[in-house]
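Okay, protein_5.cif now, which holds mmCIF, C-alpha atoms:
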```
data_input
loop_
_atom_site.label_atom_id
_atom_site.label_comp_id
_atom_site.auth_asym_id
_atom_site.auth_seq_id
_atom_site.Cartn_x
_atom_site.Cartn_y
_atom_site.Cartn_z
CA VAL A 149 -10.63 10.54 -25.25
CA PRO A 150 -9.75 7.12 -23.83
CA GLU A 151 -12.14 5.59 -21.31
CA ARG A 152 -11.05 6.27 -17.74
CA ILE A 153 -9.59 3.15 -16.16
CA SER A 154 -11.20 2.18 -12.86
CA GLU A 155 -9.33 2.44 -9.57
CA ALA A 156 -9.44 -1.34 -9.11
CA VAL A 157 -7.83 -1.96 -12.50
CA ILE A 158 -5.16 0.68 -11.86
CA ARG A 159 -4.32 -1.12 -8.61
CA ARG A 160 -3.88 -4.40 -10.47
CA LEU A 161 -1.71 -2.94 -13.25
CA PRO A 162 1.55 -2.90 -11.21
CA ARG A 163 0.93 -6.58 -10.42
CA TYR A 164 0.55 -7.44 -14.12
CA TYR A 165 3.62 -5.36 -14.87
CA ARG A 166 5.71 -7.18 -12.26
CA GLN A 167 4.43 -10.63 -13.26
CA LEU A 168 5.15 -9.97 -16.93
CA GLY A 169 8.67 -8.84 -15.97
CA ALA A 170 9.22 -12.13 -14.12
CA LEU A 171 7.95 -14.04 -17.18
CA GLU A 172 10.30 -12.12 -19.46
CA GLN A 173 13.22 -13.02 -17.20
CA GLU A 174 12.17 -16.67 -17.38
CA GLY A 175 12.28 -16.43 -21.16
CA VAL A 176 8.51 -16.80 -21.60
CA SER A 177 7.35 -14.90 -24.70
CA ARG A 178 3.62 -15.56 -24.59
CA ILE A 179 1.14 -16.56 -21.92
CA SER A 180 -2.56 -17.40 -21.73
CA SER A 181 -4.99 -15.77 -19.31
CA LEU A 182 -5.36 -19.17 -17.64
CA GLU A 183 -1.63 -19.49 -16.95
CA LEU A 184 -1.49 -15.89 -15.71
CA SER A 185 -4.48 -16.65 -13.49
CA GLU A 186 -2.65 -19.54 -11.78
CA ARG A 187 0.39 -17.38 -11.09
CA MET A 188 -1.53 -14.34 -9.84
CA ASN A 189 -4.60 -15.59 -7.99
CA ILE A 190 -6.85 -13.47 -10.23
CA THR A 191 -9.53 -15.27 -12.27
CA ALA A 192 -8.81 -15.75 -15.97
CA SER A 193 -11.99 -13.88 -16.90
CA GLN A 194 -10.97 -10.92 -14.73
CA ILE A 195 -7.56 -10.91 -16.41
CA ARG A 196 -9.14 -10.99 -19.89
CA GLN A 197 -11.48 -8.16 -18.91
CA ASP A 198 -8.67 -6.06 -17.39
CA LEU A 199 -6.32 -6.51 -20.33
CA SER A 200 -8.98 -6.12 -23.03
CA ARG A 201 -8.95 -2.39 -22.27
CA PHE A 202 -5.48 -2.15 -23.72
CA GLY A 203 -6.50 -3.93 -26.89
CA GLY A 204 -4.77 -6.09 -29.42
CA PHE A 205 -2.41 -8.09 -27.21
CA GLY A 206 -4.48 -11.17 -26.47
CA GLN A 207 -5.33 -13.59 -29.26
CA GLN A 208 -7.49 -16.71 -29.00
CA GLY A 209 -5.26 -19.78 -28.96
CA TYR A 210 -2.11 -17.69 -28.75
CA GLY A 211 -2.37 -15.77 -25.51
CA TYR A 212 -0.64 -12.51 -24.68
CA ASN A 213 2.66 -11.31 -26.06
CA VAL A 214 4.56 -10.89 -22.79
CA SER A 215 7.01 -8.16 -23.86
CA ALA A 216 4.52 -6.08 -25.85
CA LEU A 217 1.94 -6.21 -23.06
CA ARG A 218 4.53 -5.31 -20.42
CA ARG A 219 5.76 -2.36 -22.49
CA HIS A 220 2.21 -1.15 -22.99
CA ILE A 221 1.39 -1.35 -19.28
CA ALA A 222 4.65 0.47 -18.49
CA GLU A 223 3.51 3.29 -20.76
CA ILE A 224 0.09 3.44 -19.12
CA LEU A 225 1.71 3.59 -15.68
CA GLY A 226 4.06 6.33 -16.88
CA LEU A 227 7.14 4.13 -16.43
CA ASP A 228 8.57 5.06 -19.81
CA ARG A 229 10.28 8.07 -18.24
CA LYS A 230 12.28 8.94 -15.13
CA TYR A 231 10.90 10.77 -12.09
CA SER A 232 12.76 13.00 -9.70
CA VAL A 233 11.62 12.31 -6.13
CA ILE A 234 12.23 14.18 -2.88
CA LEU A 235 11.44 12.93 0.62
CA VAL A 236 10.22 15.19 3.39
CA GLY A 237 11.26 13.44 6.59
CA ALA A 238 14.55 11.55 6.98
CA GLY A 239 13.50 9.38 9.94
CA ASN A 240 13.08 5.60 9.83
CA ILE A 241 10.62 5.48 6.97
CA GLY A 242 12.44 8.15 4.96
CA GLN A 243 15.74 6.31 5.40
CA ALA A 244 14.23 2.95 4.47
CA LEU A 245 12.62 4.38 1.34
CA SER A 246 15.81 6.12 0.27
CA ASN A 247 17.73 2.85 0.63
CA TYR A 248 15.16 0.82 -1.31
CA ALA A 249 16.82 -0.27 -4.55
CA GLY A 250 13.49 -1.06 -6.21
CA PHE A 251 12.65 2.60 -6.80
CA ALA A 252 15.71 3.47 -8.86
CA ALA A 253 15.21 0.29 -10.89
CA GLU A 254 11.80 1.59 -12.04
CA GLY A 255 13.04 5.09 -12.79
CA TYR A 256 12.17 6.83 -9.51
CA VAL A 257 15.34 8.72 -8.63
CA ILE A 258 15.63 10.19 -5.14
CA ALA A 259 17.17 13.66 -5.46
CA ALA A 260 17.18 14.78 -1.82
CA LEU A 261 15.65 14.34 1.64
CA PHE A 262 14.57 17.18 3.93
CA ASP A 263 14.32 17.08 7.70
CA ALA A 264 13.52 19.60 10.42
CA ASP A 265 16.10 17.98 12.72
CA PRO A 266 19.38 19.92 12.27
CA SER A 267 21.38 16.85 13.43
CA LEU A 268 20.23 14.97 10.30
CA SER A 269 20.76 17.65 7.67
CA GLY A 270 24.15 17.80 6.02
CA GLY A 271 24.33 13.99 5.96
CA LYS A 272 23.35 11.42 3.34
CA ALA A 273 20.62 8.80 3.06
CA GLY A 274 21.52 6.24 0.42
CA ALA A 275 23.07 8.33 -2.36
CA ALA A 276 20.95 11.43 -1.67
CA PRO A 277 21.79 14.43 0.51
CA VAL A 278 19.71 15.28 3.60
CA LEU A 279 18.90 19.01 3.63
CA GLY A 280 17.19 21.29 6.13
CA MET A 281 13.48 22.08 5.81
CA ASP A 282 14.41 25.73 5.18
CA GLU A 283 16.05 24.60 1.93
CA LEU A 284 12.87 22.95 0.58
CA GLU A 285 11.40 25.73 -1.57
CA GLY A 286 14.81 26.77 -2.94
CA PHE A 287 15.57 23.19 -3.96
CA ILE A 288 12.24 22.75 -5.75
CA GLU A 289 12.75 26.05 -7.58
CA ALA A 290 16.26 25.06 -8.74
CA ASN A 291 15.54 21.39 -9.58
CA ARG A 292 12.78 19.51 -11.32
CA VAL A 293 10.78 17.62 -8.66
CA ASP A 294 8.06 15.26 -9.94
CA ILE A 295 7.05 13.52 -6.75
CA ALA A 296 7.36 14.35 -3.05
CA VAL A 297 7.14 11.67 -0.40
CA ILE A 298 5.86 12.79 3.00
CA ALA A 299 7.37 10.73 5.82
CA VAL A 300 6.91 13.03 8.82
CA PRO A 301 4.70 12.63 11.92
CA ALA A 302 0.94 13.17 11.50
CA GLY A 303 1.04 16.65 13.04
CA ALA A 304 3.58 17.95 10.52
CA ALA A 305 2.14 16.33 7.38
CA GLY A 306 -0.50 18.92 6.48
CA GLN A 307 1.93 21.82 6.59
CA ALA A 308 4.53 19.86 4.61
CA ALA A 309 1.92 19.13 1.93
CA GLU A 310 0.91 22.79 1.72
CA ARG A 311 4.52 23.92 1.30
CA LEU A 312 5.13 21.32 -1.41
CA ILE A 313 2.01 22.22 -3.40
CA LYS A 314 2.71 25.95 -3.08
CA ALA A 315 6.24 25.32 -4.38
CA GLY A 316 4.79 23.56 -7.45
CA VAL A 317 4.91 19.83 -6.68
CA ARG A 318 1.93 18.00 -8.25
CA ALA A 319 2.26 14.48 -6.84
CA ILE A 320 2.50 13.46 -3.20
CA TRP A 321 3.02 10.01 -1.75
CA ASN A 322 1.96 10.33 1.87
CA PHE A 323 3.22 7.94 4.56
CA ALA A 324 2.07 10.06 7.51
CA PRO A 325 -0.87 8.45 9.34
CA VAL A 326 -3.36 11.10 8.24
CA ASP A 327 -5.25 11.45 4.96
CA ILE A 328 -4.11 14.37 2.84
CA VAL A 329 -6.69 15.70 0.39
CA ILE A 330 -5.61 18.53 -1.94
CA ASP A 331 -7.11 19.94 -5.13
CA GLY A 332 -4.94 20.21 -8.22
CA ALA A 333 -2.48 17.55 -7.13
CA VAL A 334 -2.53 13.77 -6.94
CA VAL A 335 -2.04 12.26 -3.52
CA GLU A 336 -1.50 8.61 -2.78
CA ASN A 337 -2.11 7.97 0.90
CA ALA A 338 0.11 5.00 1.69
CA GLN A 339 -0.61 4.42 5.34
CA LEU A 340 1.34 1.37 6.34
CA THR A 341 -1.28 0.18 8.81
CA ASP A 342 -3.90 -0.04 6.02
CA GLY A 343 -2.16 -3.11 4.63
CA LEU A 344 -2.21 -4.76 8.03
CA MET A 345 -5.88 -3.91 8.55
CA SER A 346 -6.84 -5.41 5.21
CA LEU A 347 -4.79 -8.48 6.15
CA THR A 348 -6.45 -8.97 9.54
CA TYR A 349 -9.89 -8.52 7.95
CA ARG A 350 -9.13 -11.32 5.52
CA LEU A 351 -7.53 -13.42 8.28
CA GLY A 352 -10.84 -13.15 10.16
CA GLU A 353 -12.68 -14.35 7.03
CA LEU A 354 -10.27 -17.27 6.63
CA MET A 355 -10.64 -18.32 10.26
CA ALA A 356 -14.45 -18.05 10.12
CA LYS A 357 -14.45 -20.55 7.23
CA LYS A 358 -12.57 -23.19 9.23
CA PRO A 359 -14.20 -25.57 11.67
CA THR A 360 -12.69 -24.94 15.12
CA VAL B 142 -24.00 -15.58 6.60
CA PRO B 143 -23.12 -11.90 6.11
CA GLU B 144 -22.63 -10.63 2.57
CA ARG B 145 -18.99 -10.65 1.53
CA ILE B 146 -17.62 -7.11 1.49
CA SER B 147 -15.96 -6.13 -1.80
CA GLU B 148 -12.22 -5.56 -2.07
CA ALA B 149 -12.74 -1.87 -2.85
CA VAL B 150 -14.83 -1.32 0.29
CA ILE B 151 -12.31 -3.21 2.44
CA ARG B 152 -9.61 -0.89 1.09
CA ARG B 153 -11.64 2.16 2.12
CA LEU B 154 -12.46 0.89 5.63
CA PRO B 155 -9.07 1.81 7.17
CA ARG B 156 -9.55 5.33 5.80
CA TYR B 157 -12.97 5.65 7.44
CA TYR B 158 -11.52 4.22 10.62
CA ARG B 159 -8.67 6.76 10.65
CA GLN B 160 -10.93 9.68 9.75
CA LEU B 161 -13.44 8.77 12.49
CA GLY B 162 -10.54 8.56 14.97
CA ALA B 163 -9.46 12.08 13.99
CA LEU B 164 -13.05 13.30 14.42
CA GLU B 165 -13.26 11.68 17.87
CA GLN B 166 -10.07 13.48 18.88
CA GLU B 167 -11.58 16.76 17.67
CA GLY B 168 -14.57 16.10 19.93
CA VAL B 169 -17.00 15.57 17.02
CA SER B 170 -19.72 13.09 18.05
CA ARG B 171 -21.75 12.93 14.83
CA ILE B 172 -21.09 13.68 11.18
CA SER B 173 -23.06 13.68 7.94
CA SER B 174 -22.00 11.85 4.79
CA LEU B 175 -21.57 15.28 3.16
CA GLU B 176 -19.11 16.48 5.80
CA LEU B 177 -17.21 13.18 5.63
CA SER B 178 -17.13 13.53 1.86
CA GLU B 179 -15.42 16.93 2.06
CA ARG B 180 -12.77 15.59 4.43
CA MET B 181 -12.07 12.38 2.52
CA ASN B 182 -12.44 13.10 -1.18
CA ILE B 183 -15.01 10.29 -1.53
CA THR B 184 -18.48 11.21 -2.81
CA ALA B 185 -21.25 11.39 -0.21
CA SER B 186 -23.28 8.77 -2.09
CA GLN B 187 -20.30 6.38 -2.10
CA ILE B 188 -19.90 6.93 1.63
CA ARG B 189 -23.59 6.23 2.25
CA GLN B 190 -23.39 3.10 0.13
CA ASP B 191 -20.20 1.86 1.85
CA LEU B 192 -21.47 2.47 5.35
CA SER B 193 -25.01 1.18 4.73
CA ARG B 194 -23.54 -2.34 4.78
CA PHE B 195 -22.86 -1.99 8.47
CA GLY B 196 -26.40 -0.82 9.15
CA GLY B 197 -28.05 1.32 11.74
CA PHE B 198 -25.45 4.02 12.26
CA GLY B 199 -26.59 6.64 9.76
CA GLN B 200 -29.86 8.49 10.30
CA GLN B 201 -31.44 11.06 8.02
CA GLY B 202 -30.94 14.53 9.47
CA TYR B 203 -28.66 13.20 12.19
CA GLY B 204 -25.71 11.66 10.41
CA TYR B 205 -23.40 9.01 11.75
CA ASN B 206 -22.54 8.41 15.38
CA VAL B 207 -18.76 8.83 15.16
CA SER B 208 -17.74 6.60 18.09
CA ALA B 209 -20.22 3.80 17.41
CA LEU B 210 -19.32 3.68 13.72
CA ARG B 211 -15.58 3.70 14.48
CA ARG B 212 -15.98 0.87 16.99
CA HIS B 213 -18.00 -1.14 14.51
CA ILE B 214 -15.43 -0.69 11.72
CA ALA B 215 -12.66 -1.64 14.17
CA GLU B 216 -14.50 -4.90 14.84
CA ILE B 217 -14.92 -5.59 11.13
CA LEU B 218 -11.20 -4.98 10.57
CA GLY B 219 -10.34 -7.25 13.48
CA LEU B 220 -8.86 -4.38 15.50
CA ASP B 221 -10.69 -5.37 18.69
CA ARG B 222 -7.81 -7.72 19.57
CA LYS B 223 -4.01 -7.75 19.58
CA TYR B 224 -1.85 -9.46 16.96
CA SER B 225 1.58 -10.93 17.44
CA VAL B 226 3.77 -10.07 14.43
CA ILE B 227 7.17 -11.37 13.36
CA LEU B 228 9.37 -9.91 10.62
CA VAL B 229 11.50 -12.03 8.33
CA GLY B 230 14.28 -9.71 7.20
CA ALA B 231 15.92 -7.11 9.46
CA GLY B 232 17.32 -4.90 6.70
CA ASN B 233 16.18 -1.35 5.95
CA ILE B 234 12.49 -2.12 5.50
CA GLY B 235 12.39 -4.54 8.43
CA GLN B 236 14.08 -1.98 10.68
CA ALA B 237 11.78 0.83 9.56
CA LEU B 238 8.68 -1.28 10.14
CA SER B 239 9.86 -2.39 13.58
CA ASN B 240 10.43 1.25 14.56
CA TYR B 241 7.04 2.41 13.27
CA ALA B 242 5.00 3.45 16.32
CA GLY B 243 1.71 3.27 14.40
CA PHE B 244 1.59 -0.53 14.47
CA ALA B 245 1.69 -0.94 18.26
CA ALA B 246 -0.94 1.79 18.60
CA GLU B 247 -3.38 -0.38 16.59
CA GLY B 248 -2.58 -3.58 18.45
CA TYR B 249 0.07 -5.06 16.12
CA VAL B 250 2.88 -6.07 18.47
CA ILE B 251 6.22 -7.02 16.94
CA ALA B 252 7.53 -10.07 18.79
CA ALA B 253 10.77 -10.72 16.90
CA LEU B 254 12.72 -10.22 13.66
CA PHE B 255 14.66 -12.91 11.84
CA ASP B 256 17.62 -12.43 9.52
CA ALA B 257 19.99 -14.72 7.65
CA ASP B 258 22.87 -12.29 8.29
CA PRO B 259 24.65 -13.49 11.48
CA SER B 260 25.98 -9.97 12.11
CA LEU B 261 22.39 -8.77 12.69
CA SER B 262 21.09 -11.56 14.92
CA GLY B 263 21.56 -11.15 18.65
CA GLY B 264 20.74 -7.43 18.38
CA LYS B 265 17.52 -5.48 18.72
CA ALA B 266 15.26 -3.58 16.31
CA GLY B 267 13.00 -1.22 18.22
CA ALA B 268 11.99 -3.24 21.28
CA ALA B 269 12.13 -6.62 19.53
CA PRO B 270 15.04 -9.09 19.36
CA VAL B 271 16.68 -10.00 16.03
CA LEU B 272 17.10 -13.78 15.79
CA GLY B 273 18.76 -16.06 13.25
CA MET B 274 16.73 -17.68 10.47
CA ASP B 275 17.50 -21.09 12.01
CA GLU B 276 15.43 -20.04 15.03
CA LEU B 277 12.29 -19.29 12.96
CA GLU B 278 10.37 -22.58 13.29
CA GLY B 279 11.26 -22.97 16.98
CA PHE B 280 10.03 -19.49 17.75
CA ILE B 281 6.72 -20.01 15.95
CA GLU B 282 6.22 -23.30 17.78
CA ALA B 283 6.87 -21.72 21.18
CA ASN B 284 5.01 -18.42 20.65
CA ARG B 285 1.71 -17.40 19.12
CA VAL B 286 2.42 -15.70 15.78
CA ASP B 287 -0.58 -14.18 13.98
CA ILE B 288 1.14 -12.32 11.15
CA ALA B 289 4.51 -12.61 9.45
CA VAL B 290 6.00 -9.74 7.48
CA ILE B 291 8.36 -10.71 4.67
CA ALA B 292 11.02 -8.06 4.10
CA VAL B 293 13.75 -10.00 2.32
CA PRO B 294 15.07 -9.73 -1.27
CA ALA B 295 12.87 -11.13 -4.06
CA GLY B 296 14.97 -14.28 -4.43
CA ALA B 297 14.50 -15.28 -0.79
CA ALA B 298 10.82 -14.42 -0.42
CA GLY B 299 9.25 -17.61 -1.79
CA GLN B 300 11.26 -19.88 0.50
CA ALA B 301 10.56 -17.66 3.52
CA ALA B 302 6.82 -17.86 2.77
CA GLU B 303 6.93 -21.65 2.48
CA ARG B 304 8.72 -22.00 5.82
CA LEU B 305 6.23 -19.66 7.52
CA ILE B 306 3.16 -21.47 6.18
CA LYS B 307 4.62 -24.88 7.02
CA ALA B 308 5.27 -23.66 10.56
CA GLY B 309 1.61 -22.64 10.85
CA VAL B 310 1.48 -18.91 10.10
CA ARG B 311 -1.79 -17.99 8.34
CA ALA B 312 -1.24 -14.33 7.39
CA ILE B 313 1.67 -12.85 5.44
CA TRP B 314 2.36 -9.21 4.64
CA ASN B 315 4.85 -9.32 1.79
CA PHE B 316 7.19 -6.41 1.06
CA ALA B 317 9.48 -8.35 -1.29
CA PRO B 318 9.11 -7.22 -4.92
CA VAL B 319 7.48 -10.48 -6.04
CA ASP B 320 3.86 -11.64 -5.73
CA ILE B 321 3.36 -14.46 -3.26
CA VAL B 322 0.27 -16.63 -3.86
CA ILE B 323 -0.44 -19.39 -1.34
CA ASP B 324 -3.53 -21.48 -0.64
CA GLY B 325 -4.86 -21.64 2.90
CA ALA B 326 -3.27 -18.38 4.01
CA VAL B 327 -3.99 -14.71 3.42
CA VAL B 328 -1.25 -12.74 1.73
CA GLU B 329 -1.16 -8.99 1.33
CA ASN B 330 1.40 -8.06 -1.29
CA ALA B 331 2.58 -4.60 -0.26
CA GLN B 332 5.07 -3.78 -2.97
CA LEU B 333 6.24 -0.26 -2.28
CA THR B 334 6.61 0.61 -5.94
CA ASP B 335 2.90 -0.10 -6.56
CA GLY B 336 1.99 3.10 -4.73
CA LEU B 337 4.42 5.08 -6.86
CA MET B 338 3.11 3.51 -10.07
CA SER B 339 -0.48 4.35 -9.17
CA LEU B 340 0.69 7.88 -8.38
CA THR B 341 2.49 8.40 -11.68
CA TYR B 342 -0.51 7.00 -13.58
CA ARG B 343 -2.74 9.60 -11.94
CA LEU B 344 -0.09 12.31 -12.40
CA GLY B 345 -0.23 11.53 -16.11
CA GLU B 346 -4.02 11.93 -16.07
CA LEU B 347 -3.73 15.24 -14.21
CA MET B 348 -1.15 16.60 -16.65
CA ALA B 349 -3.22 15.47 -19.68
CA LYS B 350 -6.15 17.54 -18.40
CA LYS B 351 -4.13 20.76 -18.28
CA PRO B 352 -3.48 22.99 -21.29
CA THR B 353 0.29 23.05 -21.88
#
```
Since I need it in another form, could you write the structure as structure tokens?
Amino acid sequence: VPERISEAVIRRLPRYYRQLGALEQEGVSRISSLELSERMNITASQIRQDLSRFGGFGQQGYGYNVSALRRHIAEILGLDRKYSVILVGAGNIGQALSNYAGFAAEGYVIAALFDADPSLSGGKAGAAPVLGMDELEGFIEANRVDIAVIAVPAGAAGQAAERLIKAGVRAIWNFAPVDIVIDGAVVENAQLTDGLMSLTYRLGELMAKKPT
Amino acid sequence: VPERISEAVIRRLPRYYRQLGALEQEGVSRISSLELSERMNITASQIRQDLSRFGGFGQQGYGYNVSALRRHIAEILGLDRKYSVILVGAGNIGQALSNYAGFAAEGYVIAALFDADPSLSGGKAGAAPVLGMDELEGFIEANRVDIAVIAVPAGAAGQAAERLIKAGVRAIWNFAPVDIVIDGAVVENAQLTDGLMSLTYRLGELMAKKPT
């Protein structure tokens, strides 16, 4: 049984993955922890510690093999396959997500959106159809759905999550401004304001350091 | 000098803040770490450890004072003031962010959007005007800007960040799919796919646990 990777390392893995992709595109085939450190604002020792868990890719005096390491991280993140994604909520956030080209590029394919507003259903968002909420369970039964995104108001999020889990969905990416906690499924609570709060906390730190 | 709060704790603070707000709305005035634990899927001992840094709000046999703790966390996160926010990029993500009611509710006020596409400038996104990229520096000089959101394609993000920092902006929330690292400013890289990658990693763990 492999050692469980800590939450903090998991959060850094997409950054390594993206940085290694940029290096590949620049034609760089190997890179030292020190060079990675300068590009990523993570200390070289942290990078060596993070990447040592995946074994065999860093060599003293050689550095990391960019392509091999990127492939390995992709596997760990489950990016070596495609995922079918549905969105519950076709409002502003739902529409923006369905038009975001970055998802398809990483293998996250949006199959359909669902909305309680009858004026939205029947239309399209990006390449995906917008269906009525009454079609949700039938769609999940007839199609493989790996991930459901919740992009509805806070008051509707809990019920949406319950319907999704009951219908067999095992992964939820929640944009509603309320934490969803469910057993037997993985939930990533992606409240947009959290990023801003973390930013203003660090802005306060930065300003406190400066003489006024 | 107060002890620096770890990255992991900072990431949990917005969740505590949101949960305490929900409790306040439910009329709950005090709560134990055990009850919080059940609502948040964080262990009670982790909660006690996290919150002990802010001192004086938890008492054995009494629990936490919901309102006092929420107010204190708001202060730590810098939510006891308003922030003026501009968005560089008025495409899908920029539009969705400017229409997201949750930001204004927490004191993040969107002052303007900027876009290189002349067909977008002159219009509105939510309540804010969309201006041309040539108006960026002038606007920052004439108005207080606390935070800039970058919502442009990867290729344009680095230059946008440089212009913002040169004009005096000290906090950047970056949605472009490329890491921005800048000295003397705080940058929160909010790549949307990171949330999905963390989700699929954990989905893989969940599936590995189950007998097939």
Q: Name the residues captured by the PyMOL selection byres ((chain B) within 8 of (chain A)) when it is applied to the shown file; answer as a PyMOL selection string.
A: chain B and resi 149+151-152+155-156+159-160+180-182+217-220+233-234+236-238+240-241+243-244+311-314+318-320+322+325-329+331+334-345+347
Can you spit out the residues from that selection as a PDB file, keeping the file's coordinate frame, using C-alpha atoms?
```
ATOM      1  CA  ALA B 149     -12.740  -1.870  -2.850  1.00  0.00           C
ATOM      2  CA  ILE B 151     -12.310  -3.210   2.440  1.00  0.00           C
ATOM      3  CA  ARG B 152      -9.610  -0.890   1.090  1.00  0.00           C
ATOM      4  CA  PRO B 155      -9.070   1.810   7.170  1.00  0.00           C
ATOM      5  CA  ARG B 156      -9.550   5.330   5.800  1.00  0.00           C
ATOM      6  CA  ARG B 159      -8.670   6.760  10.650  1.00  0.00           C
ATOM      7  CA  GLN B 160     -10.930   9.680   9.750  1.00  0.00           C
ATOM      8  CA  ARG B 180     -12.770  15.590   4.430  1.00  0.00           C
ATOM      9  CA  MET B 181     -12.070  12.380   2.520  1.00  0.00           C
ATOM     10  CA  ASN B 182     -12.440  13.100  -1.180  1.00  0.00           C
ATOM     11  CA  ILE B 217     -14.920  -5.590  11.130  1.00  0.00           C
ATOM     12  CA  LEU B 218     -11.200  -4.980  10.570  1.00  0.00           C
ATOM     13  CA  GLY B 219     -10.340  -7.250  13.480  1.00  0.00           C
ATOM     14  CA  LEU B 220      -8.860  -4.380  15.500  1.00  0.00           C
ATOM     15  CA  ASN B 233      16.180  -1.350   5.950  1.00  0.00           C
ATOM     16  CA  ILE B 234      12.490  -2.120   5.500  1.00  0.00           C
ATOM     17  CA  GLN B 236      14.080  -1.980  10.680  1.00  0.00           C
ATOM     18  CA  ALA B 237      11.780   0.830   9.560  1.00  0.00           C
ATOM     19  CA  LEU B 238       8.680  -1.280  10.140  1.00  0.00           C
ATOM     20  CA  ASN B 240      10.430   1.250  14.560  1.00  0.00           C
ATOM     21  CA  TYR B 241       7.040   2.410  13.270  1.00  0.00           C
ATOM     22  CA  GLY B 243       1.710   3.270  14.400  1.00  0.00           C
ATOM     23  CA  PHE B 244       1.590  -0.530  14.470  1.00  0.00           C
ATOM     24  CA  ARG B 311      -1.790 -17.990   8.340  1.00  0.00           C
ATOM     25  CA  ALA B 312      -1.240 -14.330   7.390  1.00  0.00           C
ATOM     26  CA  ILE B 313       1.670 -12.850   5.440  1.00  0.00           C
ATOM     27  CA  TRP B 314       2.360  -9.210   4.640  1.00  0.00           C
ATOM     28  CA  PRO B 318       9.110  -7.220  -4.920  1.00  0.00           C
ATOM     29  CA  VAL B 319       7.480 -10.480  -6.040  1.00  0.00           C
ATOM     30  CA  ASP B 320       3.860 -11.640  -5.730  1.00  0.00           C
ATOM     31  CA  VAL B 322       0.270 -16.630  -3.860  1.00  0.00           C
ATOM     32  CA  GLY B 325      -4.860 -21.640   2.900  1.00  0.00           C
ATOM     33  CA  ALA B 326      -3.270 -18.380   4.010  1.00  0.00           C
ATOM     34  CA  VAL B 327      -3.990 -14.710   3.420  1.00  0.00           C
ATOM     35  CA  VAL B 328      -1.250 -12.740   1.730  1.00  0.00           C
ATOM     36  CA  GLU B 329      -1.160  -8.990   1.330  1.00  0.00           C
ATOM     37  CA  ALA B 331       2.580  -4.600  -0.260  1.00  0.00           C
ATOM     38  CA  THR B 334       6.610   0.610  -5.940  1.00  0.00           C
ATOM     39  CA  ASP B 335       2.900  -0.100  -6.560  1.00  0.00           C
ATOM     40  CA  GLY B 336       1.990   3.100  -4.730  1.00  0.00           C
ATOM     41  CA  LEU B 337       4.420   5.080  -6.860  1.00  0.00           C
ATOM     42  CA  MET B 338       3.110   3.510 -10.070  1.00  0.00           C
ATOM     43  CA  SER B 339      -0.480   4.350  -9.170  1.00  0.00           C
ATOM     44  CA  LEU B 340       0.690   7.880  -8.380  1.00  0.00           C
ATOM     45  CA  THR B 341       2.490   8.400 -11.680  1.00  0.00           C
ATOM     46  CA  TYR B 342      -0.510   7.000 -13.580  1.00  0.00           C
ATOM     47  CA  ARG B 343      -2.740   9.600 -11.940  1.00  0.00           C
ATOM     48  CA  LEU B 344      -0.090  12.310 -12.400  1.00  0.00           C
ATOM     49  CA  GLY B 345      -0.230  11.530 -16.110  1.00  0.00           C
ATOM     50  CA  LEU B 347      -3.730  15.240 -14.210  1.00  0.00           C
TER      51      LEU B 347
END
```
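Take CA of Leu284 in chain A and CA of Leu261 in chain A: the distance between them is 9.1 Å.
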Convert the output of the PyMOL selection byres ((chain A and resi 177) around 12) on the shown file into explicit residues, formatted as a short mmCIF file (atom, residue, chain, number, x, y, z; two decimals) with C-alpha atoms, in the coordinates of the input.
```
data_model
loop_
_atom_site.label_atom_id
_atom_site.label_comp_id
_atom_site.auth_asym_id
_atom_site.auth_seq_id
_atom_site.Cartn_x
_atom_site.Cartn_y
_atom_site.Cartn_z
CA LEU A 168 5.15 -9.97 -16.93
CA GLY A 169 8.67 -8.84 -15.97
CA ALA A 170 9.22 -12.13 -14.12
CA LEU A 171 7.95 -14.04 -17.18
CA GLU A 172 10.30 -12.12 -19.46
CA GLN A 173 13.22 -13.02 -17.20
CA GLU A 174 12.17 -16.67 -17.38
CA GLY A 175 12.28 -16.43 -21.16
CA VAL A 176 8.51 -16.80 -21.60
CA ARG A 178 3.62 -15.56 -24.59
CA ILE A 179 1.14 -16.56 -21.92
CA SER A 180 -2.56 -17.40 -21.73
CA TYR A 210 -2.11 -17.69 -28.75
CA GLY A 211 -2.37 -15.77 -25.51
CA TYR A 212 -0.64 -12.51 -24.68
CA ASN A 213 2.66 -11.31 -26.06
CA VAL A 214 4.56 -10.89 -22.79
CA SER A 215 7.01 -8.16 -23.86
CA ALA A 216 4.52 -6.08 -25.85
CA LEU A 217 1.94 -6.21 -23.06
CA ARG A 218 4.53 -5.31 -20.42
#
```
(Q) Between CA of Ser267 in chain A and CA of Lys265 in chain B, what is the distance in Å, rounded to a tenth? (A) 23.3 Å
Please put the answer as AutoDock Vina command-line options: centre and edge lengths, in Å with one decimal, of a box along x, y and z that encloses all listed atoms of range 299-314 of chain A plus 8 Å on each side.
```
--center_x 3.4 --center_y 18.3 --center_z 4.8 --size_x 23.9 --size_y 31.2 --size_z 32.4
```
Q: May I ask for the distance between CA of Ala260 in chain A and CA of Leu261 in chain B, given in Å to one decimal place?
A: 28.1 Å
Q: For the structure shown, which residues end up in the PyMOL selection byres ((chain B and resi 227) around 6)? Put them as an MDAnalysis selection string, please?
A: chainID B and resid 226 228 251:254 289
(Q) Which residues are near Ala301 in chain B? Cut-off 8 Å, only C-alpha atoms, ignore same chain within fewer than 3 positions. Put them as a list in words. (A)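 So, after excluding close chain neighbours, the residues are Val229, Ile291, Ala297, Ala298, Arg304 and Leu305 of chain B.
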